[in-house]
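Raw contents of model_8.pdb, PDB, C-alpha atoms:
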```
ATOM      1  CA  MET X 464      24.275  59.383  -9.768
ATOM      2  CA  VAL X 465      21.895  56.728  -8.466
ATOM      3  CA  GLN X 466      21.062  57.227  -4.812
ATOM      4  CA  THR X 467      20.789  54.101  -2.700
ATOM      5  CA  THR X 468      20.551  53.182   0.945
ATOM      6  CA  ASP X 469      21.790  49.661   0.238
ATOM      7  CA  GLN X 470      25.194  50.259   1.800
ATOM      8  CA  PRO X 471      26.438  46.618   1.775
ATOM      9  CA  THR X 472      25.793  46.349  -1.958
ATOM     10  CA  THR X 473      27.421  49.729  -2.550
ATOM     11  CA  ARG X 474      30.559  48.706  -0.649
ATOM     12  CA  TRP X 475      30.869  45.472  -2.615
ATOM     13  CA  MET X 476      30.369  47.301  -5.910
ATOM     14  CA  GLU X 477      33.023  49.838  -4.966
ATOM     15  CA  ALA X 478      35.438  47.075  -3.991
ATOM     16  CA  PHE X 479      34.880  44.778  -6.987
ATOM     17  CA  GLY X 480      33.384  47.047  -9.652
ATOM     18  CA  GLY X 481      36.604  47.189 -11.643
ATOM     19  CA  LEU X 482      36.997  43.406 -11.608
ATOM     20  CA  LEU X 483      33.394  42.907 -12.676
ATOM     21  CA  ASP X 484      33.875  45.313 -15.572
ATOM     22  CA  ALA X 485      36.841  43.217 -16.728
ATOM     23  CA  GLY X 486      34.635  40.092 -16.832
ATOM     24  CA  ILE X 487      34.482  36.923 -14.770
ATOM     25  CA  PRO X 488      36.882  34.179 -15.922
ATOM     26  CA  SER X 489      35.271  30.857 -16.757
ATOM     27  CA  ILE X 490      36.040  27.606 -14.967
ATOM     28  CA  ILE X 491      38.201  26.370 -17.833
ATOM     29  CA  GLU X 492      40.241  29.594 -17.863
ATOM     30  CA  ILE X 493      40.951  29.382 -14.139
ATOM     31  CA  HIS X 494      41.554  25.632 -14.291
ATOM     32  CA  LYS X 495      44.134  25.998 -17.074
ATOM     33  CA  HIS X 496      45.912  28.534 -14.870
ATOM     34  CA  ALA X 497      45.796  26.074 -11.946
ATOM     35  CA  GLN X 498      47.223  23.222 -14.030
ATOM     36  CA  ARG X 499      50.141  25.332 -15.234
ATOM     37  CA  HIS X 500      51.072  26.153 -11.650
ATOM     38  CA  LEU X 501      50.545  22.564 -10.488
ATOM     39  CA  GLN X 502      52.863  21.281 -13.232
ATOM     40  CA  ALA X 503      55.438  23.862 -12.146
ATOM     41  CA  GLY X 504      55.247  22.579  -8.565
ATOM     42  CA  ASP X 505      53.407  25.634  -7.240
ATOM     43  CA  GLU X 506      50.663  23.885  -5.285
ATOM     44  CA  VAL X 507      49.798  27.028  -3.299
ATOM     45  CA  THR X 508      48.691  28.951  -6.394
ATOM     46  CA  ALA X 509      46.938  25.876  -7.779
ATOM     47  CA  ARG X 510      44.868  25.596  -4.586
ATOM     48  CA  ARG X 511      44.063  29.296  -4.749
ATOM     49  CA  CYS X 512      42.719  28.751  -8.261
ATOM     50  CA  GLU X 513      40.486  25.971  -6.930
ATOM     51  CA  ARG X 514      39.133  28.362  -4.306
ATOM     52  CA  LEU X 515      38.589  31.038  -6.929
ATOM     53  CA  ILE X 516      36.518  28.584  -8.991
ATOM     54  CA  TYR X 517      34.449  27.861  -5.891
ATOM     55  CA  LEU X 518      34.045  31.564  -5.088
ATOM     56  CA  LEU X 519      33.069  32.681  -8.585
ATOM     57  CA  HIS X 520      31.169  29.642  -9.867
ATOM     58  CA  ASN X 521      30.124  27.687  -6.755
ATOM     59  CA  SER X 522      31.889  24.711  -8.330
ATOM     60  CA  HIS X 523      34.477  22.155  -7.224
ATOM     61  CA  VAL X 524      37.037  21.476  -9.952
ATOM     62  CA  PRO X 525      40.349  20.187  -8.510
ATOM     63  CA  ALA X 526      43.573  21.243 -10.181
ATOM     64  CA  GLN X 527      44.511  17.544 -10.547
ATOM     65  CA  CYS X 528      41.464  16.889 -12.730
ATOM     66  CA  LYS X 529      42.776  16.553 -16.295
ATOM     67  CA  LEU X 530      40.525  18.594 -18.548
ATOM     68  CA  PRO X 531      41.487  19.020 -22.220
ATOM     69  CA  LEU X 532      41.709  22.615 -23.393
ATOM     70  CA  ASP X 533      38.599  22.234 -25.583
ATOM     71  CA  THR X 534      36.370  21.275 -22.624
ATOM     72  CA  ARG X 535      33.359  23.572 -22.400
ATOM     73  CA  PHE X 536      31.168  24.560 -19.447
ATOM     74  CA  ALA X 537      27.674  25.926 -20.007
ATOM     75  CA  TYR X 538      27.372  29.520 -18.770
ATOM     76  CA  GLY X 539      31.073  29.432 -17.917
ATOM     77  CA  GLY X 540      30.377  26.811 -15.251
ATOM     78  CA  ILE X 541      27.854  26.941 -12.391
ATOM     79  CA  GLY X 542      27.467  24.390  -9.598
ATOM     80  CA  VAL X 543      29.734  21.752 -11.165
ATOM     81  CA  VAL X 544      31.435  19.053  -9.053
ATOM     82  CA  LEU X 545      34.217  16.976 -10.627
ATOM     83  CA  HIS X 546      36.220  14.231  -8.939
ATOM     84  CA  ALA X 547      39.964  14.856  -9.071
ATOM     85  CA  ALA X 548      40.571  11.450 -10.671
ATOM     86  CA  ALA X 549      37.824  11.707 -13.323
ATOM     87  CA  ARG X 550      39.128  11.572 -16.884
ATOM     88  CA  PHE X 551      37.712  13.408 -19.887
ATOM     89  CA  GLY X 552      38.133  13.106 -23.633
ATOM     90  CA  ASN X 553      38.217  15.981 -26.092
ATOM     91  CA  GLY X 554      35.326  18.320 -26.804
ATOM     92  CA  VAL X 555      33.201  17.521 -23.739
ATOM     93  CA  MET X 556      30.376  19.929 -22.872
ATOM     94  CA  ILE X 557      29.423  20.057 -19.168
ATOM     95  CA  GLY X 558      26.160  21.703 -18.169
ATOM     96  CA  GLN X 559      25.334  23.538 -14.968
ATOM     97  CA  ASN X 560      24.883  21.614 -11.712
ATOM     98  CA  VAL X 561      26.563  18.490 -13.103
ATOM     99  CA  THR X 562      28.384  15.997 -10.863
ATOM    100  CA  ILE X 563      31.051  13.596 -12.140
ATOM    101  CA  GLY X 564      31.957  11.562  -9.083
ATOM    102  CA  GLY X 565      32.948   8.275  -7.557
ATOM    103  CA  ASN X 566      31.045   5.736  -5.563
ATOM    104  CA  GLY X 567      32.171   3.156  -3.066
ATOM    105  CA  GLY X 568      33.878   0.259  -4.786
ATOM    106  CA  LYS X 569      37.132  -0.972  -6.194
ATOM    107  CA  GLY X 570      39.247   1.934  -7.274
ATOM    108  CA  LYS X 571      42.118   4.197  -6.379
ATOM    109  CA  PRO X 572      42.109   5.223  -2.672
ATOM    110  CA  ASP X 573      41.855   8.935  -1.974
ATOM    111  CA  ALA X 574      43.840  10.889   0.641
ATOM    112  CA  SER X 575      41.644   9.536   3.440
ATOM    113  CA  GLY X 576      42.227   5.930   2.366
ATOM    114  CA  ARG X 577      38.705   5.431   1.016
ATOM    115  CA  SER X 578      38.404   3.636  -2.289
ATOM    116  CA  PHE X 579      36.289   5.024  -5.106
ATOM    117  CA  ALA X 580      35.560   3.942  -8.643
ATOM    118  CA  ILE X 581      35.741   6.971 -10.942
ATOM    119  CA  PRO X 582      34.083   7.689 -14.318
ATOM    120  CA  ARG X 583      35.894   8.049 -17.628
ATOM    121  CA  VAL X 584      34.139  10.336 -20.084
ATOM    122  CA  GLY X 585      34.833   9.831 -23.795
ATOM    123  CA  ASN X 586      35.270  12.313 -26.626
ATOM    124  CA  HIS X 587      32.590  14.819 -27.647
ATOM    125  CA  VAL X 588      30.181  13.929 -24.850
ATOM    126  CA  TYR X 589      27.333  16.297 -23.974
ATOM    127  CA  ILE X 590      26.286  16.284 -20.306
ATOM    128  CA  ALA X 591      23.129  18.318 -19.757
ATOM    129  CA  ALA X 592      22.148  20.346 -16.695
ATOM    130  CA  GLY X 593      21.708  18.506 -13.420
ATOM    131  CA  ALA X 594      23.095  15.168 -14.631
ATOM    132  CA  ARG X 595      25.041  12.822 -12.354
ATOM    133  CA  VAL X 596      27.681  10.432 -13.679
ATOM    134  CA  LEU X 597      28.813   8.156 -10.872
ATOM    135  CA  GLY X 598      31.137   5.232 -10.347
ATOM    136  CA  GLY X 599      33.718   3.306 -12.316
ATOM    137  CA  ILE X 600      31.929   3.581 -15.646
ATOM    138  CA  SER X 601      32.897   4.577 -19.179
ATOM    139  CA  ILE X 602      30.862   7.081 -21.159
ATOM    140  CA  GLY X 603      31.223   6.287 -24.857
ATOM    141  CA  ASP X 604      32.249   8.843 -27.455
ATOM    142  CA  TYR X 605      29.437  11.079 -28.730
ATOM    143  CA  THR X 606      27.096  10.189 -25.881
ATOM    144  CA  ILE X 607      24.376  12.723 -25.027
ATOM    145  CA  ILE X 608      23.254  12.619 -21.389
ATOM    146  CA  ALA X 609      19.860  14.237 -20.814
ATOM    147  CA  SER X 610      19.203  16.735 -18.030
ATOM    148  CA  ASN X 611      18.833  15.374 -14.486
ATOM    149  CA  SER X 612      19.875  11.871 -15.542
ATOM    150  CA  VAL X 613      21.738   9.630 -13.099
ATOM    151  CA  VAL X 614      24.207   7.524 -15.074
ATOM    152  CA  LEU X 615      25.448   4.429 -13.239
ATOM    153  CA  HIS X 616      26.410   2.139 -16.124
ATOM    154  CA  ASN X 617      28.596   2.230 -19.225
ATOM    155  CA  THR X 618      27.110   3.930 -22.266
ATOM    156  CA  PRO X 619      27.826   2.923 -25.880
ATOM    157  CA  PRO X 620      29.121   5.465 -28.422
ATOM    158  CA  PHE X 621      26.553   7.586 -30.245
ATOM    159  CA  SER X 622      23.841   7.011 -27.665
ATOM    160  CA  VAL X 623      21.272   9.267 -25.994
ATOM    161  CA  VAL X 624      20.696   8.314 -22.360
ATOM    162  CA  ALA X 625      18.124   9.608 -19.888
ATOM    163  CA  GLY X 626      16.395   8.757 -16.628
ATOM    164  CA  ASN X 627      17.190   7.748 -13.060
ATOM    165  CA  PRO X 628      18.859   5.357 -13.373
ATOM    166  CA  ALA X 629      19.710   6.351 -16.931
ATOM    167  CA  SER X 630      19.231   3.987 -19.835
ATOM    168  CA  VAL X 631      19.808   4.220 -23.577
ATOM    169  CA  ARG X 632      16.796   5.883 -25.186
ATOM    170  CA  ARG X 633      18.101   6.344 -28.702
ATOM    171  CA  ILE X 634      21.092   5.512 -30.917
ATOM    172  CA  ILE X 635      22.503   8.292 -33.105
ATOM    173  CA  GLY X 636      22.992   7.348 -36.753
ATOM    174  CA  LEU X 637      23.101   9.078 -40.103
ATOM    175  CA  ASP X 638      19.307   9.091 -40.249
ATOM    176  CA  ASN X 639      18.950  11.314 -37.169
ATOM    177  CA  ALA X 640      22.421  12.849 -36.687
ATOM    178  CA  LEU X 641      21.377  16.336 -37.787
ATOM    179  CA  ARG X 642      18.928  16.474 -34.896
ATOM    180  CA  TYR X 643      21.894  16.410 -32.503
ATOM    181  CA  LYS X 644      24.302  18.630 -34.439
ATOM    182  CA  ASP X 645      24.228  21.537 -31.981
ATOM    183  CA  PHE X 646      24.788  19.294 -28.974
ATOM    184  CA  PHE X 647      28.381  18.710 -30.030
ATOM    185  CA  VAL X 648      31.023  21.421 -29.699
ATOM    186  CA  PHE X 649      32.448  20.531 -33.122
ATOM    187  CA  GLY X 650      28.967  20.394 -34.685
ATOM    188  CA  LYS X 651      28.402  24.103 -34.271
ATOM    189  CA  LYS X 652      31.521  24.790 -36.336
ATOM    190  CA  LYS X 653      30.568  22.622 -39.328
ATOM    191  CA  ASP X 654      27.996  22.976 -42.078
ATOM    192  CA  GLU X 655      25.509  20.127 -42.474
ATOM    193  CA  THR X 656      27.435  18.336 -45.217
ATOM    194  CA  SER X 657      30.807  18.336 -43.462
ATOM    195  CA  TYR X 658      29.113  17.421 -40.188
ATOM    196  CA  LEU X 659      27.444  14.368 -41.729
ATOM    197  CA  ASP X 660      30.692  13.352 -43.437
ATOM    198  CA  PHE X 661      32.435  13.507 -40.069
ATOM    199  CA  ILE X 662      29.710  11.478 -38.349
ATOM    200  CA  ARG X 663      29.815   8.876 -41.132
ATOM    201  CA  ALA X 664      33.568   8.463 -40.694
ATOM    202  CA  GLU X 665      33.306   8.206 -36.910
ATOM    203  CA  LEU X 666      30.485   5.656 -37.074
ATOM    204  CA  ALA X 667      32.648   3.529 -39.342
ATOM    205  CA  ARG X 668      35.672   3.904 -37.079
ATOM    206  CA  LEU X 669      33.787   2.929 -33.931
ATOM    207  CA  ALA X 670      31.771   0.101 -35.528
TER     208      ALA X 670
END
```
Would it be possible to restate this file's structure as structure tokens?
Amino acid sequence: MVQTTDQPTTRWMEAFGGLLDAGIPSIIEIHKHAQRHLQAGDEVTARRCERLIYLLHNSHVPAQCKLPLDTRFAYGGIGVVLHAAARFGNGVMIGQNVTIGGNGGKGKPDASGRSFAIPRVGNHVYIAAGARVLGGISIGDYTIIASNSVVLHNTPPFSVVAGNPASVRRIIGLDNALRYKDFFVFGKKKDETSYLDFIRAELARLA
């Protein structure tokens, strides 16, 4: 047996060792649990789930935030802040230390009566570590947001945005789509041919 004089660590390991062995649930796992209880009218359990997300992942993800089941968080979710009224499409990947929040402006008042404009994130968007998406803006489908970007304006579909404030740096087309294959949750599940066929169809649909 390992001998240690680090008694605080030992006490915590004794108290939580079994839970740690079972694995730490990701943000999306806890959030799905919170939404089920919220829909059933059990706000107490839903709030406890929010606190558990904060405790385990140092993240703020309200139960009211509507996240599709195929939403993904890098590393299970670390340091993420999402506004309760933010809306997300399918297949969104959210990196660590990402904020999706409102800014002062015309929008739905919160509980304190303040009015915020809230982002809407499209389908299959990749939001890299440290990015900020703020205000009443729309993020187009298949947008890739580079790390530490501050996005304050609408983005078109199939765009790569970066900077503070962020701007469009590149448009994704068939000529360069393979370069971004692994950025998309669905891309990792497809071979190159089926991936390009899918991109071709989506480009035509959104044209």
Within 7 Å of range 603-614 of chain X using all atoms listed in the file, minus same-chain residues under 3 positions, as a list of chain:residue names:
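Skipping anything fewer than 3 positions along the chain leaves X:Val584, X:Gly585, X:Asn586, X:His587, X:Val588, X:Tyr589, X:Ile590, X:Ala591, X:Ala592, X:Gly593, X:Ala594, X:Arg595, X:Val596, X:Leu597, X:Thr618, X:Pro619, X:Pro620, X:Phe621, X:Ser622, X:Val623, X:Val624, X:Ala625, X:Gly626, X:Asn627, X:Pro628, X:Ala629.
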Could you please take those selected residues and save C-alpha atoms as a PDB file, in the coordinates of the input?
```pdb
ATOM      1  CA  VAL X 584      34.139  10.336 -20.084  1.00  0.00           C
ATOM      2  CA  GLY X 585      34.833   9.831 -23.795  1.00  0.00           C
ATOM      3  CA  ASN X 586      35.270  12.313 -26.626  1.00  0.00           C
ATOM      4  CA  HIS X 587      32.590  14.819 -27.647  1.00  0.00           C
ATOM      5  CA  VAL X 588      30.181  13.929 -24.850  1.00  0.00           C
ATOM      6  CA  TYR X 589      27.333  16.297 -23.974  1.00  0.00           C
ATOM      7  CA  ILE X 590      26.286  16.284 -20.306  1.00  0.00           C
ATOM      8  CA  ALA X 591      23.129  18.318 -19.757  1.00  0.00           C
ATOM      9  CA  ALA X 592      22.148  20.346 -16.695  1.00  0.00           C
ATOM     10  CA  GLY X 593      21.708  18.506 -13.420  1.00  0.00           C
ATOM     11  CA  ALA X 594      23.095  15.168 -14.631  1.00  0.00           C
ATOM     12  CA  ARG X 595      25.041  12.822 -12.354  1.00  0.00           C
ATOM     13  CA  VAL X 596      27.681  10.432 -13.679  1.00  0.00           C
ATOM     14  CA  LEU X 597      28.813   8.156 -10.872  1.00  0.00           C
ATOM     15  CA  THR X 618      27.110   3.930 -22.266  1.00  0.00           C
ATOM     16  CA  PRO X 619      27.826   2.923 -25.880  1.00  0.00           C
ATOM     17  CA  PRO X 620      29.121   5.465 -28.422  1.00  0.00           C
ATOM     18  CA  PHE X 621      26.553   7.586 -30.245  1.00  0.00           C
ATOM     19  CA  SER X 622      23.841   7.011 -27.665  1.00  0.00           C
ATOM     20  CA  VAL X 623      21.272   9.267 -25.994  1.00  0.00           C
ATOM     21  CA  VAL X 624      20.696   8.314 -22.360  1.00  0.00           C
ATOM     22  CA  ALA X 625      18.124   9.608 -19.888  1.00  0.00           C
ATOM     23  CA  GLY X 626      16.395   8.757 -16.628  1.00  0.00           C
ATOM     24  CA  ASN X 627      17.190   7.748 -13.060  1.00  0.00           C
ATOM     25  CA  PRO X 628      18.859   5.357 -13.373  1.00  0.00           C
ATOM     26  CA  ALA X 629      19.710   6.351 -16.931  1.00  0.00           C
TER      27      ALA X 629
END
```
Between CA of Ala497 in chain X and CA of Arg510 in chain X, what is the distance in Å, rounded to a tenth?
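Result for CA of Ala497 in chain X versus CA of Arg510 in chain X: 7.4 Å, one decimal.
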Let me know the residues the PyMOL selection byres ((chain X and resi 662) around 10) catches in the file above, as a list in words.
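The output of the PyMOL selection byres ((chain X and resi 662) around 10) on this file is Tyr605, Phe621, Ile635, Gly636, Leu637, Ala640, Leu641, Lys644, Gly650, Thr656, Ser657, Tyr658, Leu659, Asp660, Phe661, Arg663, Ala664, Glu665, Leu666, Ala667 and Arg668 of chain X.
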Mind checking which residues fall within 12 Å of Glu492 in chain X, counting only C-alpha atoms, ignoring those fewer than 4 positions away in the same chain, and posting them as a tab-separated table (two decimals) with C-alpha atoms, in the frame of the given file?
```tsv
chain	number	residue	atom	x	y	z
X	486	GLY	CA	34.64	40.09	-16.83
X	487	ILE	CA	34.48	36.92	-14.77
X	488	PRO	CA	36.88	34.18	-15.92
X	496	HIS	CA	45.91	28.53	-14.87
X	497	ALA	CA	45.80	26.07	-11.95
X	498	GLN	CA	47.22	23.22	-14.03
X	499	ARG	CA	50.14	25.33	-15.23
X	512	CYS	CA	42.72	28.75	-8.26
X	513	GLU	CA	40.49	25.97	-6.93
X	515	LEU	CA	38.59	31.04	-6.93
X	516	ILE	CA	36.52	28.58	-8.99
X	524	VAL	CA	37.04	21.48	-9.95
X	526	ALA	CA	43.57	21.24	-10.18
X	530	LEU	CA	40.52	18.59	-18.55
X	531	PRO	CA	41.49	19.02	-22.22
X	532	LEU	CA	41.71	22.62	-23.39
X	533	ASP	CA	38.60	22.23	-25.58
X	534	THR	CA	36.37	21.28	-22.62
X	535	ARG	CA	33.36	23.57	-22.40
X	536	PHE	CA	31.17	24.56	-19.45
X	539	GLY	CA	31.07	29.43	-17.92
X	540	GLY	CA	30.38	26.81	-15.25
```
Gap from CA of Phe646 in chain X to CA of His523 in chain X - Å, one decimal
24.0 Å
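Going from CA of Val561 in chain X over to CA of His520 in chain X, you cover 12.5 Å.
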Ground truth for the PyMOL selection byres ((chain X and resi 547) around 7), written as an NGL selection string:
:X and (525 or 527-528 or 545-546 or 548-549)
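Using all atoms listed in the file, the smallest distance between any of X:Asn617, X:Thr562, X:Ser489, X:Gln502 and Leu519 in chain X comes from X:Ser489.
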Between X:Gly542, X:Gly564, X:Gly558, X:Gly599, which residue has the minimum interatomic distance to Ala580 in chain X, considering all atoms listed in the file?
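Between X:Gly542, X:Gly564, X:Gly558, X:Gly599, the residue approaching Ala580 in chain X most closely is X:Gly599.
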Selected residue of minimal separation from Gly565 in chain X among X:Leu615, X:Ala485, X:Val543, X:Ala537, counting all atoms listed in the file
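Looking at the shortest contact to Gly565 in chain X, the residue is X:Leu615.
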How big is the axis-aligned box, and where does its centre sit, when it encloses all atoms of range 504-519 of chain X listed in the file and has 6 Å added on every side, reported in Å to one decimal as JSON?
```
{"center_x": 44.2, "center_y": 27.6, "center_z": -6.1, "size_x": 34.2, "size_y": 22.1, "size_z": 17.7}
```
As a PDB file, keeping the file's coordinate frame, could you write out range 552-563 of chain X once it has been completed with all heavy atoms?
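Contents of rebuild17.pdb, freshly written:
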```pdb
ATOM      1  N   GLY X 552      37.635  13.034 -22.271  1.00  0.00           N
ATOM      2  CA  GLY X 552      38.133  13.106 -23.633  1.00  0.00           C
ATOM      3  C   GLY X 552      38.038  14.517 -24.164  1.00  0.00           C
ATOM      4  O   GLY X 552      37.744  15.479 -23.439  1.00  0.00           O
ATOM      5  N   ASN X 553      38.247  14.664 -25.455  1.00  0.00           N
ATOM      6  CA  ASN X 553      38.217  15.981 -26.092  1.00  0.00           C
ATOM      7  C   ASN X 553      36.783  16.425 -26.376  1.00  0.00           C
ATOM      8  O   ASN X 553      35.892  15.613 -26.602  1.00  0.00           O
ATOM      9  CB  ASN X 553      39.001  15.940 -27.403  1.00  0.00           C
ATOM     10  CG  ASN X 553      40.470  15.655 -27.185  1.00  0.00           C
ATOM     11  OD1 ASN X 553      41.102  16.233 -26.308  1.00  0.00           O
ATOM     12  ND2 ASN X 553      41.025  14.749 -27.977  1.00  0.00           N
ATOM     13  N   GLY X 554      36.585  17.747 -26.365  1.00  0.00           N
ATOM     14  CA  GLY X 554      35.326  18.320 -26.804  1.00  0.00           C
ATOM     15  C   GLY X 554      34.127  18.004 -25.944  1.00  0.00           C
ATOM     16  O   GLY X 554      33.001  17.959 -26.447  1.00  0.00           O
ATOM     17  N   VAL X 555      34.312  17.817 -24.640  1.00  0.00           N
ATOM     18  CA  VAL X 555      33.201  17.521 -23.739  1.00  0.00           C
ATOM     19  C   VAL X 555      32.502  18.818 -23.333  1.00  0.00           C
ATOM     20  O   VAL X 555      33.154  19.816 -23.014  1.00  0.00           O
ATOM     21  CB  VAL X 555      33.695  16.763 -22.486  1.00  0.00           C
ATOM     22  CG1 VAL X 555      32.567  16.583 -21.477  1.00  0.00           C
ATOM     23  CG2 VAL X 555      34.275  15.407 -22.885  1.00  0.00           C
ATOM     24  N   MET X 556      31.178  18.808 -23.351  1.00  0.00           N
ATOM     25  CA  MET X 556      30.376  19.929 -22.872  1.00  0.00           C
ATOM     26  C   MET X 556      29.726  19.539 -21.551  1.00  0.00           C
ATOM     27  O   MET X 556      29.045  18.508 -21.473  1.00  0.00           O
ATOM     28  CB  MET X 556      29.295  20.310 -23.883  1.00  0.00           C
ATOM     29  CG  MET X 556      28.259  21.299 -23.355  1.00  0.00           C
ATOM     30  SD  MET X 556      28.953  22.908 -22.897  1.00  0.00           S
ATOM     31  CE  MET X 556      29.065  23.683 -24.511  1.00  0.00           C
ATOM     32  N   ILE X 557      29.943  20.345 -20.498  1.00  0.00           N
ATOM     33  CA  ILE X 557      29.423  20.057 -19.168  1.00  0.00           C
ATOM     34  C   ILE X 557      28.431  21.144 -18.788  1.00  0.00           C
ATOM     35  O   ILE X 557      28.775  22.331 -18.723  1.00  0.00           O
ATOM     36  CB  ILE X 557      30.565  19.989 -18.133  1.00  0.00           C
ATOM     37  CG1 ILE X 557      31.570  18.895 -18.529  1.00  0.00           C
ATOM     38  CG2 ILE X 557      30.019  19.733 -16.731  1.00  0.00           C
ATOM     39  CD1 ILE X 557      32.816  18.854 -17.668  1.00  0.00           C
ATOM     40  N   GLY X 558      27.196  20.759 -18.534  1.00  0.00           N
ATOM     41  CA  GLY X 558      26.160  21.703 -18.169  1.00  0.00           C
ATOM     42  C   GLY X 558      26.245  22.145 -16.714  1.00  0.00           C
ATOM     43  O   GLY X 558      27.085  21.672 -15.944  1.00  0.00           O
ATOM     44  N   GLN X 559      25.357  23.043 -16.338  1.00  0.00           N
ATOM     45  CA  GLN X 559      25.334  23.538 -14.968  1.00  0.00           C
ATOM     46  C   GLN X 559      24.805  22.474 -14.009  1.00  0.00           C
ATOM     47  O   GLN X 559      24.014  21.621 -14.365  1.00  0.00           O
ATOM     48  CB  GLN X 559      24.501  24.819 -14.863  1.00  0.00           C
ATOM     49  CG  GLN X 559      23.027  24.669 -15.187  1.00  0.00           C
ATOM     50  CD  GLN X 559      22.723  24.885 -16.643  1.00  0.00           C
ATOM     51  OE1 GLN X 559      23.532  24.582 -17.509  1.00  0.00           O
ATOM     52  NE2 GLN X 559      21.535  25.419 -16.913  1.00  0.00           N
ATOM     53  N   ASN X 560      25.314  22.522 -12.782  1.00  0.00           N
ATOM     54  CA  ASN X 560      24.883  21.614 -11.712  1.00  0.00           C
ATOM     55  C   ASN X 560      25.104  20.134 -12.052  1.00  0.00           C
ATOM     56  O   ASN X 560      24.311  19.274 -11.678  1.00  0.00           O
ATOM     57  CB  ASN X 560      23.408  21.851 -11.358  1.00  0.00           C
ATOM     58  CG  ASN X 560      23.179  23.230 -10.796  1.00  0.00           C
ATOM     59  OD1 ASN X 560      23.930  23.700  -9.943  1.00  0.00           O
ATOM     60  ND2 ASN X 560      22.160  23.918 -11.299  1.00  0.00           N
ATOM     61  N   VAL X 561      26.189  19.866 -12.749  1.00  0.00           N
ATOM     62  CA  VAL X 561      26.563  18.490 -13.103  1.00  0.00           C
ATOM     63  C   VAL X 561      27.563  17.959 -12.083  1.00  0.00           C
ATOM     64  O   VAL X 561      28.448  18.690 -11.627  1.00  0.00           O
ATOM     65  CB  VAL X 561      27.169  18.443 -14.521  1.00  0.00           C
ATOM     66  CG1 VAL X 561      27.937  17.147 -14.767  1.00  0.00           C
ATOM     67  CG2 VAL X 561      26.079  18.624 -15.566  1.00  0.00           C
ATOM     68  N   THR X 562      27.422  16.670 -11.737  1.00  0.00           N
ATOM     69  CA  THR X 562      28.384  15.997 -10.863  1.00  0.00           C
ATOM     70  C   THR X 562      28.992  14.807 -11.599  1.00  0.00           C
ATOM     71  O   THR X 562      28.267  13.972 -12.133  1.00  0.00           O
ATOM     72  CB  THR X 562      27.715  15.503  -9.573  1.00  0.00           C
ATOM     73  OG1 THR X 562      27.226  16.631  -8.834  1.00  0.00           O
ATOM     74  CG2 THR X 562      28.703  14.729  -8.705  1.00  0.00           C
ATOM     75  N   ILE X 563      30.318  14.755 -11.633  1.00  0.00           N
ATOM     76  CA  ILE X 563      31.051  13.596 -12.140  1.00  0.00           C
ATOM     77  C   ILE X 563      31.839  13.066 -10.956  1.00  0.00           C
ATOM     78  O   ILE X 563      32.850  13.650 -10.560  1.00  0.00           O
ATOM     79  CB  ILE X 563      32.013  13.967 -13.287  1.00  0.00           C
ATOM     80  CG1 ILE X 563      31.313  14.826 -14.337  1.00  0.00           C
ATOM     81  CG2 ILE X 563      32.632  12.712 -13.895  1.00  0.00           C
ATOM     82  CD1 ILE X 563      30.263  14.115 -15.121  1.00  0.00           C
TER      83      ILE X 563
END
```
